[in-house]
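Here is model-v8.json, consisting of JSON, C-alpha atoms:
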```json
[["chain", "number", "residue", "atom", "x", "y", "z"],
["A", 1, "MET", "CA", -11.56, -7.69, -8.03],
["A", 2, "GLU", "CA", -8.27, -5.93, -8.66],
["A", 3, "LYS", "CA", -5.12, -7.14, -6.98],
["A", 4, "TYR", "CA", -2.03, -4.96, -6.91],
["A", 5, "LYS", "CA", 1.58, -6.06, -7.29],
["A", 6, "ARG", "CA", 3.12, -3.23, -5.24],
["A", 7, "VAL", "CA", 1.46, -0.82, -2.83],
["A", 8, "LEU", "CA", 2.57, 2.07, -0.64],
["A", 9, "LEU", "CA", 0.84, 2.00, 2.76],
["A", 10, "LYS", "CA", 0.67, 5.38, 4.49],
["A", 11, "LEU", "CA", -0.08, 5.17, 8.21],
["A", 12, "SER", "CA", -0.63, 8.07, 10.56],
["A", 13, "GLY", "CA", 1.41, 8.12, 13.74],
["A", 14, "GLU", "CA", -1.67, 9.13, 15.71],
["A", 15, "ALA", "CA", -3.58, 6.09, 14.44],
["A", 16, "LEU", "CA", -0.82, 3.79, 15.70],
["A", 17, "ALA", "CA", -0.99, 5.46, 19.11],
["A", 18, "GLY", "CA", -4.61, 4.36, 19.55],
["A", 19, "ASP", "CA", -6.55, 5.98, 22.38],
["A", 20, "LYS", "CA", -3.31, 7.03, 24.09],
["A", 21, "LYS", "CA", -2.74, 9.67, 21.35],
["A", 22, "THR", "CA", 1.03, 9.52, 21.92],
["A", 23, "GLY", "CA", 3.61, 6.75, 21.65],
["A", 24, "PHE", "CA", 2.40, 3.35, 20.42],
["A", 25, "ASP", "CA", -0.56, 1.08, 21.01],
["A", 26, "GLU", "CA", 0.99, -2.38, 20.63],
["A", 27, "GLU", "CA", -2.31, -4.10, 19.90],
["A", 28, "THR", "CA", -3.03, -1.71, 17.01],
["A", 29, "CYS", "CA", 0.47, -2.17, 15.60],
["A", 30, "ILE", "CA", 0.22, -5.97, 15.76],
["A", 31, "ARG", "CA", -3.16, -5.85, 14.03],
["A", 32, "VAL", "CA", -1.64, -3.78, 11.21],
["A", 33, "ALA", "CA", 1.37, -6.11, 11.01],
["A", 34, "LYS", "CA", -0.76, -9.24, 10.67],
["A", 35, "GLN", "CA", -2.69, -7.66, 7.79],
["A", 36, "VAL", "CA", 0.49, -6.65, 5.99],
["A", 37, "LYS", "CA", 1.88, -10.15, 6.49],
["A", 38, "GLU", "CA", -1.14, -11.58, 4.73],
["A", 39, "LEU", "CA", -0.46, -9.26, 1.79],
["A", 40, "ALA", "CA", 3.22, -10.21, 1.70],
["A", 41, "ASP", "CA", 2.38, -13.93, 1.93],
["A", 42, "ASN", "CA", 0.16, -13.46, -1.12],
["A", 43, "GLY", "CA", 2.93, -11.88, -3.15],
["A", 44, "ILE", "CA", 2.02, -8.20, -2.79],
["A", 45, "GLN", "CA", 5.08, -5.99, -2.34],
["A", 46, "VAL", "CA", 4.57, -3.43, 0.43],
["A", 47, "GLY", "CA", 6.27, -0.12, 1.16],
["A", 48, "VAL", "CA", 5.34, 1.75, 4.35],
["A", 49, "VAL", "CA", 5.45, 5.42, 5.31],
["A", 50, "ILE", "CA", 4.47, 6.46, 8.84],
["A", 51, "GLY", "CA", 3.72, 9.99, 10.02],
["A", 52, "GLY", "CA", 5.27, 11.36, 13.19],
["A", 53, "GLY", "CA", 2.23, 12.88, 14.86],
["A", 54, "ASN", "CA", 2.29, 10.52, 17.84],
["A", 55, "PHE", "CA", 5.56, 12.18, 18.88],
["A", 56, "TRP", "CA", 5.68, 15.58, 17.23],
["A", 57, "ARG", "CA", 3.08, 17.82, 15.62],
["A", 58, "GLY", "CA", 5.50, 20.37, 14.21],
["A", 59, "ARG", "CA", 6.12, 23.95, 15.17],
["A", 60, "THR", "CA", 3.27, 25.41, 17.18],
["A", 61, "GLY", "CA", 4.81, 28.85, 17.75],
["A", 62, "ASN", "CA", 7.83, 30.94, 16.88],
["A", 63, "THR", "CA", 10.08, 29.58, 19.63],
["A", 64, "ILE", "CA", 12.07, 27.37, 17.27],
["A", 65, "ASP", "CA", 12.93, 27.62, 13.60],
["A", 66, "ARG", "CA", 10.63, 25.85, 11.07],
["A", 67, "THR", "CA", 13.56, 23.90, 9.62],
["A", 68, "LYS", "CA", 14.51, 22.57, 13.06],
["A", 69, "ALA", "CA", 10.89, 21.69, 13.84],
["A", 70, "ASP", "CA", 10.64, 19.72, 10.59],
["A", 71, "GLN", "CA", 13.90, 17.92, 11.34],
["A", 72, "ILE", "CA", 12.46, 16.80, 14.68],
["A", 73, "GLY", "CA", 9.43, 15.51, 12.77],
["A", 74, "MET", "CA", 11.67, 13.54, 10.40],
["A", 75, "LEU", "CA", 13.38, 11.87, 13.34],
["A", 76, "ALA", "CA", 9.96, 11.06, 14.84],
["A", 77, "THR", "CA", 9.13, 9.10, 11.67],
["A", 78, "VAL", "CA", 12.42, 7.21, 12.00],
["A", 79, "MET", "CA", 11.53, 6.20, 15.56],
["A", 80, "ASN", "CA", 8.10, 5.07, 14.40],
["A", 81, "CYS", "CA", 9.54, 2.96, 11.60],
["A", 82, "ILE", "CA", 12.11, 1.30, 13.90],
["A", 83, "TYR", "CA", 9.33, 0.30, 16.30],
["A", 84, "VAL", "CA", 6.74, -0.80, 13.74],
["A", 85, "SER", "CA", 9.26, -2.67, 11.58],
["A", 86, "ASP", "CA", 10.25, -4.70, 14.63],
["A", 87, "ILE", "CA", 6.58, -5.50, 15.28],
["A", 88, "PHE", "CA", 6.40, -6.66, 11.66],
["A", 89, "ARG", "CA", 9.41, -8.92, 12.29],
["A", 90, "TYR", "CA", 7.75, -10.23, 15.44],
["A", 91, "VAL", "CA", 4.82, -11.54, 13.35],
["A", 92, "GLY", "CA", 7.16, -13.14, 10.82],
["A", 93, "MET", "CA", 8.12, -10.64, 8.11],
["A", 94, "LYS", "CA", 11.45, -9.44, 6.78],
["A", 95, "THR", "CA", 11.83, -5.66, 6.88],
["A", 96, "SER", "CA", 14.28, -2.93, 6.05],
["A", 97, "ILE", "CA", 14.23, 0.80, 6.87],
["A", 98, "LEU", "CA", 15.50, 3.28, 4.31],
["A", 99, "THR", "CA", 16.13, 6.96, 5.06],
["A", 100, "PRO", "CA", 17.22, 9.86, 2.82],
["A", 101, "PHE", "CA", 19.98, 10.69, 5.34],
["A", 102, "GLU", "CA", 22.49, 8.63, 7.32],
["A", 103, "CYS", "CA", 21.27, 7.24, 10.66],
["A", 104, "GLY", "CA", 24.34, 5.26, 11.67],
["A", 105, "ASN", "CA", 23.60, 1.52, 11.60],
["A", 106, "MET", "CA", 19.90, 1.93, 12.43],
["A", 107, "THR", "CA", 18.77, 2.40, 8.82],
["A", 108, "LYS", "CA", 20.15, 2.19, 5.31],
["A", 109, "LEU", "CA", 20.43, 5.05, 2.85],
["A", 110, "TYR", "CA", 17.50, 5.26, 0.44],
["A", 111, "SER", "CA", 17.89, 4.61, -3.25],
["A", 112, "LYS", "CA", 15.29, 3.42, -5.73],
["A", 113, "ASP", "CA", 17.52, 0.52, -6.79],
["A", 114, "ARG", "CA", 17.91, -0.66, -3.19],
["A", 115, "ALA", "CA", 14.17, -0.42, -2.53],
["A", 116, "LEU", "CA", 13.30, -2.39, -5.66],
["A", 117, "LYS", "CA", 15.87, -5.05, -4.82],
["A", 118, "TYR", "CA", 14.31, -5.50, -1.38],
["A", 119, "PHE", "CA", 10.80, -5.64, -2.84],
["A", 120, "GLU", "CA", 11.82, -8.43, -5.19],
["A", 121, "LYS", "CA", 13.15, -10.38, -2.20],
["A", 122, "GLY", "CA", 9.80, -10.11, -0.41],
["A", 123, "ILE", "CA", 11.08, -7.58, 2.14],
["A", 124, "VAL", "CA", 8.67, -4.94, 3.48],
["A", 125, "VAL", "CA", 10.38, -1.60, 2.99],
["A", 126, "PHE", "CA", 9.87, 1.27, 5.44],
["A", 127, "PHE", "CA", 10.55, 4.72, 4.01],
["A", 128, "ALA", "CA", 11.42, 6.85, 7.04],
["A", 129, "GLY", "CA", 12.62, 10.43, 7.35],
["A", 130, "GLY", "CA", 10.21, 11.97, 4.86],
["A", 131, "THR", "CA", 11.88, 13.58, 1.87],
["A", 132, "GLY", "CA", 14.89, 14.49, 3.99],
["A", 133, "HIS", "CA", 14.09, 18.19, 3.60],
["A", 134, "PRO", "CA", 12.05, 20.69, 5.63],
["A", 135, "TYR", "CA", 8.75, 22.16, 4.38],
["A", 136, "PHE", "CA", 7.56, 18.79, 3.05],
["A", 137, "SER", "CA", 5.07, 16.59, 4.91],
["A", 138, "THR", "CA", 5.02, 12.81, 5.22],
["A", 139, "ASP", "CA", 2.10, 12.92, 2.75],
["A", 140, "THR", "CA", 4.46, 14.34, 0.15],
["A", 141, "GLY", "CA", 7.15, 11.84, 1.18],
["A", 142, "ALA", "CA", 4.68, 8.98, 0.72],
["A", 143, "VAL", "CA", 3.61, 10.11, -2.75],
["A", 144, "LEU", "CA", 7.23, 10.70, -3.75],
["A", 145, "ARG", "CA", 8.27, 7.17, -2.75],
["A", 146, "ALA", "CA", 5.17, 5.65, -4.36],
["A", 147, "VAL", "CA", 5.93, 7.41, -7.65],
["A", 148, "GLU", "CA", 9.67, 6.65, -7.51],
["A", 149, "THR", "CA", 9.20, 2.95, -6.79],
["A", 150, "GLU", "CA", 6.35, 2.63, -9.31],
["A", 151, "ALA", "CA", 3.71, 1.50, -6.82],
["A", 152, "ASP", "CA", 0.31, 0.64, -8.26],
["A", 153, "THR", "CA", -1.55, 2.67, -5.66],
["A", 154, "ILE", "CA", -1.29, 4.40, -2.29],
["A", 155, "LEU", "CA", -3.25, 2.85, 0.57],
["A", 156, "LEU", "CA", -4.07, 5.78, 2.83],
["A", 157, "ALA", "CA", -5.09, 4.47, 6.26],
["A", 158, "LYS", "CA", -6.68, 7.21, 8.32],
["A", 159, "ALA", "CA", -8.73, 7.72, 11.47],
["A", 160, "ILE", "CA", -11.64, 8.70, 9.18],
["A", 161, "ASP", "CA", -13.15, 6.11, 6.84],
["A", 162, "GLY", "CA", -12.88, 7.94, 3.51],
["A", 163, "VAL", "CA", -13.14, 11.27, 1.72],
["A", 164, "TYR", "CA", -16.01, 13.60, 2.64],
["A", 165, "ASP", "CA", -17.25, 16.86, 1.13],
["A", 166, "SER", "CA", -16.68, 18.51, 4.52],
["A", 167, "ASP", "CA", -15.26, 17.51, 7.88],
["A", 168, "PRO", "CA", -17.67, 14.93, 9.39],
["A", 169, "LYS", "CA", -16.48, 15.93, 12.87],
["A", 170, "ASP", "CA", -17.90, 19.41, 12.32],
["A", 171, "ASN", "CA", -20.73, 18.53, 9.94],
["A", 172, "PRO", "CA", -22.87, 15.46, 10.80],
["A", 173, "SER", "CA", -24.47, 15.73, 7.33],
["A", 174, "ALA", "CA", -21.14, 15.50, 5.49],
["A", 175, "LYS", "CA", -21.33, 13.37, 2.36],
["A", 176, "LYS", "CA", -18.85, 10.54, 1.84],
["A", 177, "TYR", "CA", -17.57, 9.83, -1.65],
["A", 178, "ASP", "CA", -17.29, 6.22, -2.81],
["A", 179, "GLU", "CA", -15.16, 7.42, -5.72],
["A", 180, "ILE", "CA", -13.71, 10.78, -6.67],
["A", 181, "SER", "CA", -11.07, 11.92, -9.14],
["A", 182, "ILE", "CA", -7.84, 13.54, -7.99],
["A", 183, "GLU", "CA", -8.82, 16.53, -10.16],
["A", 184, "GLU", "CA", -12.04, 16.94, -8.16],
["A", 185, "VAL", "CA", -10.05, 16.71, -4.92],
["A", 186, "LEU", "CA", -7.95, 19.63, -6.15],
["A", 187, "ASP", "CA", -10.89, 21.65, -7.47],
["A", 188, "LYS", "CA", -12.93, 21.22, -4.28],
["A", 189, "LYS", "CA", -9.90, 21.74, -2.01],
["A", 190, "LEU", "CA", -10.63, 18.53, -0.10],
["A", 191, "ALA", "CA", -7.96, 17.91, 2.53],
["A", 192, "VAL", "CA", -7.31, 14.24, 1.74],
["A", 193, "ILE", "CA", -3.56, 14.82, 1.74],
["A", 194, "ASP", "CA", -1.71, 18.12, 1.63],
["A", 195, "LEU", "CA", -1.74, 20.23, -1.54],
["A", 196, "THR", "CA", 1.81, 19.44, -2.66],
["A", 197, "ALA", "CA", 1.16, 15.71, -2.35],
["A", 198, "THR", "CA", -2.19, 16.02, -4.15],
["A", 199, "ILE", "CA", -0.58, 17.83, -7.10],
["A", 200, "MET", "CA", 2.11, 15.13, -7.26],
["A", 201, "CYS", "CA", -0.59, 12.45, -7.45],
["A", 202, "TYR", "CA", -2.35, 14.42, -10.18],
["A", 203, "GLU", "CA", 0.77, 15.01, -12.27],
["A", 204, "ASN", "CA", 2.03, 11.43, -11.93],
["A", 205, "LYS", "CA", -1.35, 9.68, -12.19],
["A", 206, "MET", "CA", -1.01, 7.98, -8.80],
["A", 207, "PRO", "CA", -4.35, 6.65, -7.49],
["A", 208, "MET", "CA", -5.23, 6.24, -3.82],
["A", 209, "GLN", "CA", -7.48, 4.09, -1.68],
["A", 210, "VAL", "CA", -8.59, 6.08, 1.40],
["A", 211, "PHE", "CA", -10.05, 4.06, 4.28],
["A", 212, "GLY", "CA", -10.38, 3.83, 8.04],
["A", 213, "LEU", "CA", -7.57, 1.94, 9.76],
["A", 214, "ASN", "CA", -9.82, 0.71, 12.56],
["A", 215, "LYS", "CA", -12.19, -1.25, 10.29],
["A", 216, "GLU", "CA", -11.46, -4.99, 10.42],
["A", 217, "ASN", "CA", -9.14, -6.16, 7.60],
["A", 218, "SER", "CA", -9.27, -2.69, 6.03],
["A", 219, "ILE", "CA", -5.69, -2.88, 4.69],
["A", 220, "ILE", "CA", -6.24, -6.34, 3.18],
["A", 221, "ASP", "CA", -9.48, -5.22, 1.53],
["A", 222, "ALA", "CA", -7.92, -2.07, 0.08],
["A", 223, "ALA", "CA", -4.91, -3.97, -1.29],
["A", 224, "ASN", "CA", -7.27, -6.40, -2.99],
["A", 225, "GLY", "CA", -9.30, -3.64, -4.61],
["A", 226, "ILE", "CA", -12.30, -3.90, -2.29],
["A", 227, "ASN", "CA", -13.54, -0.36, -1.77],
["A", 228, "ASN", "CA", -14.78, 0.17, 1.79],
["A", 229, "GLY", "CA", -13.67, 3.78, 1.84],
["A", 230, "THR", "CA", -13.05, 6.14, -1.07],
["A", 231, "ARG", "CA", -11.31, 5.35, -4.33],
["A", 232, "VAL", "CA", -9.39, 8.39, -5.60],
["A", 233, "THR", "CA", -8.96, 7.90, -9.34],
["A", 234, "VAL", "CA", -6.65, 9.49, -11.89]]
```
Go through the file and emit its structure as structure tokens.
Amino acid sequence: MEKYKRVLLKLSGEALAGDKKTGFDEETCIRVAKQVKELADNGIQVGVVIGGGNFWRGRTGNTIDRTKADQIGMLATVMNCIYVSDIFRYVGMKTSILTPFECGNMTKLYSKDRALKYFEKGIVVFFAGGTGHPYFSTDTGAVLRAVETEADTILLAKAIDGVYDSDPKDNPSAKKYDEISIEEVLDKKLAVIDLTATIMCYENKMPMQVFGLNKENSIIDAANGINNGTRVTV
């Protein structure tokens, strides 16, 4: 059973909202926090990226500019990280939030050196604000931070419990993969993460563990190499 030294946990904002679909479901967030604490207590260094979909789904029309819509999304991820990092502190962890742009005294400016220093001190590091630029998703931001900070793998916690050959919501006969290569994901155009992020994983040989957030102890299992979802290999 493989155990990683450093992982990047990617959480969707919608998953943290639970059945409410917007805002936060405190019970879900505490459940996530307790799992991450177990990882940290066992010496696994954890970085966290959270999507902003529980607050903002991006531009849905032509009323506002794409750049402005993406900036709103970046700020949504900052709000998510401020909330979730405080939940993590509530259950007994040390946390820090890093952003690629200044946010007053609410966060600190991202640098690889700062992130690595915090990891070595046992601090859970939240990477908020995406890449800091429009036209890039939080998927791409997560892969970028994982590659920069030399994470062993990305733990991709989703509402769905792995990678399928088609959308199981639309196709009840969809086949789930226990293991698939990142090259196959590209060739078959499987929407595990967005295309830019997938290519980054491929070029930088960054593996992923894709699993359902709602399964009991799913984060702990994934971080310990137990495959209850889909292993995306390089």
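Distance-wise, atom CA of A:Lys176 and atom CA of A:Asp139 end up 21.1 Å apart.
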Do a neighbour search on A:Leu98 at 6 Å with all atoms listed in the file, toss out local chain neighbours closer than 6 positions, and write the hits as a PyMOL selection string.
chain A and resi 107-110+127
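Atom to atom, atom CA of A:Ala174 and atom CA of A:Val7 stand 29.1 Å apart.
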Considering all atoms listed in the file, state which residue in the set A:Glu26, A:Glu102, A:Glu38, A:Glu148 is at the smallest distance from A:Asp221.
A:Glu38
A:Lys37 environment, 10 Å, all atoms listed in the file, sequence neighbours closer than 4 positions dropped, as a PyMOL selection string:
chain A and resi 32-33+41-44+46+88-89+91-94+124+220
Please, could N, CA, C and O atoms be added to stretch 60-71 of chain A and the result written as a tab-separated table (two decimals), in the frame of the given file?
```tsv
chain	number	residue	atom	x	y	z
A	60	THR	N	4.54	24.84	16.75
A	60	THR	CA	3.27	25.41	17.18
A	60	THR	C	3.39	26.89	17.53
A	60	THR	O	2.40	27.54	17.83
A	61	GLY	N	4.59	27.43	17.48
A	61	GLY	CA	4.81	28.85	17.75
A	61	GLY	C	6.08	29.30	17.05
A	61	GLY	O	6.55	28.66	16.12
A	62	ASN	N	6.62	30.40	17.50
A	62	ASN	CA	7.83	30.94	16.88
A	62	ASN	C	9.07	30.71	17.73
A	62	ASN	O	10.11	31.33	17.50
A	63	THR	N	8.96	29.81	18.72
A	63	THR	CA	10.08	29.58	19.63
A	63	THR	C	11.26	28.96	18.90
A	63	THR	O	12.41	29.32	19.14
A	64	ILE	N	10.99	27.99	18.02
A	64	ILE	CA	12.07	27.37	17.27
A	64	ILE	C	11.85	27.55	15.78
A	64	ILE	O	10.73	27.77	15.31
A	65	ASP	N	12.93	27.45	15.05
A	65	ASP	CA	12.93	27.62	13.60
A	65	ASP	C	12.13	26.52	12.91
A	65	ASP	O	12.14	25.36	13.34
A	66	ARG	N	11.44	26.83	11.82
A	66	ARG	CA	10.63	25.85	11.07
A	66	ARG	C	11.49	24.68	10.59
A	66	ARG	O	11.06	23.52	10.65
A	67	THR	N	12.69	24.98	10.10
A	67	THR	CA	13.56	23.90	9.62
A	67	THR	C	13.88	22.92	10.74
A	67	THR	O	13.83	21.70	10.55
A	68	LYS	N	14.19	23.45	11.93
A	68	LYS	CA	14.51	22.57	13.06
A	68	LYS	C	13.28	21.77	13.48
A	68	LYS	O	13.39	20.58	13.82
A	69	ALA	N	12.12	22.40	13.48
A	69	ALA	CA	10.89	21.69	13.84
A	69	ALA	C	10.64	20.54	12.87
A	69	ALA	O	10.27	19.43	13.28
A	70	ASP	N	10.85	20.78	11.58
A	70	ASP	CA	10.64	19.72	10.59
A	70	ASP	C	11.67	18.60	10.73
A	70	ASP	O	11.36	17.43	10.50
A	71	GLN	N	12.88	18.96	11.12
A	71	GLN	CA	13.90	17.92	11.34
A	71	GLN	C	13.52	17.03	12.51
A	71	GLN	O	13.72	15.80	12.46
```
